[in-house]
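Taking it in order: structure first as structure tokens, then the write-up.
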Amino acid sequence: MSLLSLQSVTKSYWRGPRELCVLRGATLDVEAGSLVSVYGQRNAGKTALLEIAAGFQRPDRGRVSFAGAELAGRSERELARIHREEIGWIEREGPHSADLTVAVYAALPLYRDLGRREAHRQALAALAAYEVEDCAGERWRDLSDFDRIRCAIAQAMVREPRLLIADDPTAGLGMLDRNRVCALLRSAADDRRLGVLMAVPDMPSMLHAHDVRLLSRGRLIAPAQQPGDATVLDFPDGRRFA
């Protein structure tokens, strides 16, 4: 049984009088211990796919199951609990308040259950795990883009979720830092047995993934790997990436 399963998911939005279908029968499985990357151009529908996978949006048609149960059948209270405890969403934008330090921001998900002191202890441990403990006393606006994404990963991981979702976590980073972020997410899948689903803006960001998909014209397309060359991926619509 997959940790996360999307079956024949369809989603449309209205832009004035025109209906825009961003997902057409999308099917995807994410197993515990696997990193799945979805590549697509800007406005391809990647964010809609991830928000539906997380249960923040509902599909027009199709099924989304997490841990064996459909998200559509969960109460609002149960969905809120799942979002607090089991599904981590990496927030690239950071805290809503510019006055919060990184340590307080990372600890926020734990305040309700653990209290301030223990929440801060675990937040500092999460920041240290991603080598950004030196940023604990900093404000978000003072961080580099690379430090921001590592702090965002730590904040999403502080509750030890079962599923981690990242929307373009490497966008805006240089090639070396993109590779380092993808390696961190791959390690989270491998070492902590998480399911990780991420959308990526370019082909190099896909290379750490266990499984890859192309989102094009609303459809998720699986590549065929070329015999004898593990770095070449062919997609059925004629696109080739190396």
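Identifiers in this document derive from the order of the structure tokens: chains are assigned A, B, ..., residues are numbered from 1 separately in each chain, and ligands are numbered from 1 in order of occurrence.
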Find the residues around stretch 92-107 of chain A up to 8 Å (only C-alpha atoms counted), leave out those fewer than 4 positions away in its own chain, and share them as a ChimeraX atom specification. /A:111,116,119-120,122-124,127,135-141,148-149,151-152,154-156,158,169
Give me, as a PyMOL selection string, the residues of stretch 31-104 of chain A that a backbone DSSP run labels helix (DSSP H, G or I). chain A and resi 46-54+71-73+76-85+102-104
Could you take the residues named above and write them with N, CA and C atoms, as a compact mmCIF listing (two decimals), in the first residue's frame?
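Once everything was written out, this is result_2.txt:
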# COMPACT_ATOMS: atom_id res chain seq x y z
N LYS A 46 1.87 22.30 -11.36
CA LYS A 46 2.60 21.58 -10.32
C LYS A 46 2.09 21.92 -8.92
N THR A 47 1.86 23.21 -8.66
CA THR A 47 1.40 23.60 -7.33
C THR A 47 0.02 23.04 -7.04
N ALA A 48 -0.87 23.04 -8.02
CA ALA A 48 -2.20 22.45 -7.82
C ALA A 48 -2.08 20.97 -7.50
N LEU A 49 -1.18 20.27 -8.20
CA LEU A 49 -0.98 18.84 -7.93
C LEU A 49 -0.53 18.63 -6.50
N LEU A 50 0.43 19.41 -6.03
CA LEU A 50 0.95 19.22 -4.67
C LEU A 50 -0.08 19.59 -3.62
N GLU A 51 -0.85 20.65 -3.84
CA GLU A 51 -1.87 21.04 -2.87
C GLU A 51 -2.99 20.01 -2.78
N ILE A 52 -3.32 19.39 -3.89
CA ILE A 52 -4.31 18.31 -3.87
C ILE A 52 -3.73 17.09 -3.15
N ALA A 53 -2.45 16.80 -3.40
CA ALA A 53 -1.80 15.66 -2.73
C ALA A 53 -1.77 15.86 -1.22
N ALA A 54 -1.61 17.11 -0.78
CA ALA A 54 -1.55 17.40 0.65
C ALA A 54 -2.92 17.52 1.29
N LEU A 71 -8.51 11.18 1.53
CA LEU A 71 -8.51 12.48 2.20
C LEU A 71 -9.89 13.13 2.13
N ALA A 72 -10.63 12.87 1.06
CA ALA A 72 -11.95 13.48 0.92
C ALA A 72 -12.91 13.01 2.00
N GLY A 73 -12.65 11.87 2.59
CA GLY A 73 -13.53 11.35 3.63
C GLY A 73 -13.17 11.80 5.03
N GLU A 76 -12.75 18.01 8.78
CA GLU A 76 -11.84 19.15 8.83
C GLU A 76 -10.90 19.04 10.03
N ARG A 77 -11.40 18.55 11.13
CA ARG A 77 -10.56 18.39 12.32
C ARG A 77 -9.46 17.35 12.08
N GLU A 78 -9.82 16.26 11.43
CA GLU A 78 -8.84 15.22 11.15
C GLU A 78 -7.82 15.70 10.13
N LEU A 79 -8.27 16.43 9.11
CA LEU A 79 -7.34 16.99 8.14
C LEU A 79 -6.35 17.95 8.81
N ALA A 80 -6.86 18.77 9.72
CA ALA A 80 -5.98 19.70 10.44
C ALA A 80 -4.92 18.93 11.24
N ARG A 81 -5.33 17.84 11.86
CA ARG A 81 -4.36 17.02 12.61
C ARG A 81 -3.32 16.43 11.69
N ILE A 82 -3.75 15.92 10.52
CA ILE A 82 -2.81 15.34 9.56
C ILE A 82 -1.81 16.39 9.10
N HIS A 83 -2.29 17.60 8.84
CA HIS A 83 -1.38 18.66 8.39
C HIS A 83 -0.42 19.08 9.50
N ARG A 84 -0.83 18.97 10.75
CA ARG A 84 0.06 19.30 11.85
C ARG A 84 1.11 18.22 12.07
N GLU A 85 0.71 16.97 11.95
CA GLU A 85 1.53 15.88 12.46
C GLU A 85 2.11 14.96 11.39
N VAL A 102 14.37 32.61 13.52
CA VAL A 102 14.29 31.29 12.88
C VAL A 102 13.99 30.21 13.91
N ALA A 103 14.58 30.29 15.10
CA ALA A 103 14.35 29.28 16.13
C ALA A 103 12.88 29.25 16.55
N VAL A 104 12.29 30.43 16.75
CA VAL A 104 10.87 30.49 17.13
C VAL A 104 10.00 29.95 16.00
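Using only C-alpha atoms, the nearest neighbour of A:Pro59 within the list A:Arg74, A:Arg42, A:Arg192, A:Lys11 is A:Lys11.
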Need to verify the contact set: A:Ile87, 6 Å, only C-alpha atoms, exclusion of same-chain residues closer than 3 positions in sequence. Can you return it as number ranges by chain? A: 83, 161, 163-164
Residues from last step as file, C-alpha atoms, as a short mmCIF file (atom, residue, chain, number, x, y, z; two decimals), in the first residue's frame:
data_model
loop_
_atom_site.label_atom_id
_atom_site.label_comp_id
_atom_site.auth_asym_id
_atom_site.auth_seq_id
_atom_site.Cartn_x
_atom_site.Cartn_y
_atom_site.Cartn_z
CA HIS A 83 -1.38 18.66 8.39
CA PRO A 161 6.08 13.81 9.41
CA LEU A 163 5.16 12.69 4.06
CA LEU A 164 7.14 15.78 3.03
#
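Look at A:Arg219: the protein and nucleic acid residues within 12 Å of it, using only C-alpha atoms and passing over chain neighbours fewer than 6 places away, are Ser8, Val9, Thr10, Lys11, Cys21, Val22, Leu23, Arg24, Gly25, Ala26, Thr27, Leu28, Val38, Tyr39, Gly40, Ala44, Gly45, Lys46, Leu49, Arg213, Phe235, Pro236 and Asp237 of chain A.
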Okay, now the selection with C-alpha atoms, as a PDB file, in the first residue's frame?
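Final file, again.pdb:
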ATOM      1  CA  SER A   8      -7.262   9.662 -12.038  1.00  0.00           C
ATOM      2  CA  VAL A   9      -7.214  13.149 -10.526  1.00  0.00           C
ATOM      3  CA  THR A  10      -8.731  15.969 -12.574  1.00  0.00           C
ATOM      4  CA  LYS A  11      -8.733  19.665 -11.641  1.00  0.00           C
ATOM      5  CA  CYS A  21      -7.856  22.147 -16.976  1.00  0.00           C
ATOM      6  CA  VAL A  22      -4.525  21.795 -15.153  1.00  0.00           C
ATOM      7  CA  LEU A  23      -4.782  18.087 -14.282  1.00  0.00           C
ATOM      8  CA  ARG A  24      -6.248  15.432 -16.553  1.00  0.00           C
ATOM      9  CA  GLY A  25      -6.516  11.977 -14.991  1.00  0.00           C
ATOM     10  CA  ALA A  26      -3.268  12.315 -13.019  1.00  0.00           C
ATOM     11  CA  THR A  27      -2.171   9.105 -11.303  1.00  0.00           C
ATOM     12  CA  LEU A  28       0.800   8.969  -8.940  1.00  0.00           C
ATOM     13  CA  VAL A  38       7.535  16.151 -10.811  1.00  0.00           C
ATOM     14  CA  TYR A  39       8.990  18.365 -13.540  1.00  0.00           C
ATOM     15  CA  GLY A  40       6.897  20.881 -15.429  1.00  0.00           C
ATOM     16  CA  ALA A  44       1.952  23.586 -15.781  1.00  0.00           C
ATOM     17  CA  GLY A  45      -0.124  22.837 -12.660  1.00  0.00           C
ATOM     18  CA  LYS A  46       2.598  21.578 -10.317  1.00  0.00           C
ATOM     19  CA  LEU A  49      -0.976  18.845  -7.933  1.00  0.00           C
ATOM     20  CA  ARG A 213       7.263  12.432 -13.772  1.00  0.00           C
ATOM     21  CA  PHE A 235       9.133  10.900 -22.384  1.00  0.00           C
ATOM     22  CA  PRO A 236       6.309   9.636 -24.622  1.00  0.00           C
ATOM     23  CA  ASP A 237       5.549  13.116 -25.959  1.00  0.00           C
TER      24      ASP A 237
END
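The space separating atom CA of A:Ile165 from atom CA of A:Asp177 comes to 18.8 Å.
Nearest to A:Leu184 of all the residues A:Ala125, A:Met203, A:Leu35, A:Leu114 is A:Leu35, counting only C-alpha atoms.
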Pick out the closest residue to A:Cys182 from this set: A:Ala67, A:Ser12, A:Ser144, A:Ser37. Count only C-alpha atoms. A:Ser37
Check the smallest atom-to-atom distance from each of A:Asp190, A:Asp142, A:Asp202, A:Glu160 to A:Glu31 using only C-alpha atoms, then report the winner. A:Asp190
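Using only C-alpha atoms for every distance, the candidate list A:Glu133, A:Asp211, A:Asp147, A:Asp113 yields A:Asp211 as the residue closest to A:Ser34.
Running DSSP on the backbone gives strand (DSSP E) for these residues within stretch 55-148 of chain A: Arg61, Gly62, Arg63, Val64, Ser65, Phe66, Ala69, Glu70, Ile87, Gly88 and Trp89 of chain A.
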Those residues with N, CA and C atoms, as a PDB file, in the first residue's frame please?
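The new file part-v7.pdb reads:
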ATOM      1  N   ARG A  61     -12.442  15.498  -9.834  1.00  0.00           N
ATOM      2  CA  ARG A  61     -12.714  14.066  -9.957  1.00  0.00           C
ATOM      3  C   ARG A  61     -11.461  13.307  -9.571  1.00  0.00           C
ATOM      4  N   GLY A  62     -11.643  12.034  -9.231  1.00  0.00           N
ATOM      5  CA  GLY A  62     -10.515  11.208  -8.851  1.00  0.00           C
ATOM      6  C   GLY A  62     -10.413  11.036  -7.341  1.00  0.00           C
ATOM      7  N   ARG A  63      -9.423  10.260  -6.926  1.00  0.00           N
ATOM      8  CA  ARG A  63      -9.253   9.920  -5.511  1.00  0.00           C
ATOM      9  C   ARG A  63      -7.844  10.256  -5.049  1.00  0.00           C
ATOM     10  N   VAL A  64      -7.753  10.731  -3.814  1.00  0.00           N
ATOM     11  CA  VAL A  64      -6.467  10.980  -3.167  1.00  0.00           C
ATOM     12  C   VAL A  64      -6.492  10.254  -1.829  1.00  0.00           C
ATOM     13  N   SER A  65      -5.563   9.311  -1.652  1.00  0.00           N
ATOM     14  CA  SER A  65      -5.509   8.532  -0.417  1.00  0.00           C
ATOM     15  C   SER A  65      -4.177   8.749   0.280  1.00  0.00           C
ATOM     16  N   PHE A  66      -4.233   8.908   1.587  1.00  0.00           N
ATOM     17  CA  PHE A  66      -3.037   9.023   2.417  1.00  0.00           C
ATOM     18  C   PHE A  66      -3.117   7.970   3.509  1.00  0.00           C
ATOM     19  N   ALA A  69      -6.364   5.776   3.471  1.00  0.00           N
ATOM     20  CA  ALA A  69      -7.711   6.331   3.592  1.00  0.00           C
ATOM     21  C   ALA A  69      -7.825   7.571   2.713  1.00  0.00           C
ATOM     22  N   GLU A  70      -8.981   7.732   2.096  1.00  0.00           N
ATOM     23  CA  GLU A  70      -9.193   8.883   1.227  1.00  0.00           C
ATOM     24  C   GLU A  70      -9.204  10.172   2.038  1.00  0.00           C
ATOM     25  N   ILE A  87       1.886  15.368   7.555  1.00  0.00           N
ATOM     26  CA  ILE A  87       2.295  15.886   6.251  1.00  0.00           C
ATOM     27  C   ILE A  87       3.027  17.199   6.467  1.00  0.00           C
ATOM     28  N   GLY A  88       4.302  17.215   6.123  1.00  0.00           N
ATOM     29  CA  GLY A  88       5.090  18.435   6.233  1.00  0.00           C
ATOM     30  C   GLY A  88       5.139  19.155   4.895  1.00  0.00           C
ATOM     31  N   TRP A  89       4.814  20.451   4.911  1.00  0.00           N
ATOM     32  CA  TRP A  89       4.835  21.277   3.706  1.00  0.00           C
ATOM     33  C   TRP A  89       5.950  22.304   3.865  1.00  0.00           C
TER      34      TRP A  89
END
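Going from atom CA of A:Glu91 to atom CA of A:Gln41 covers 20.4 Å.
Nearest to A:Arg159 of all the residues A:Ala126, A:Ala32, A:Met206, A:Val181 is A:Ala126, based on only C-alpha atoms.
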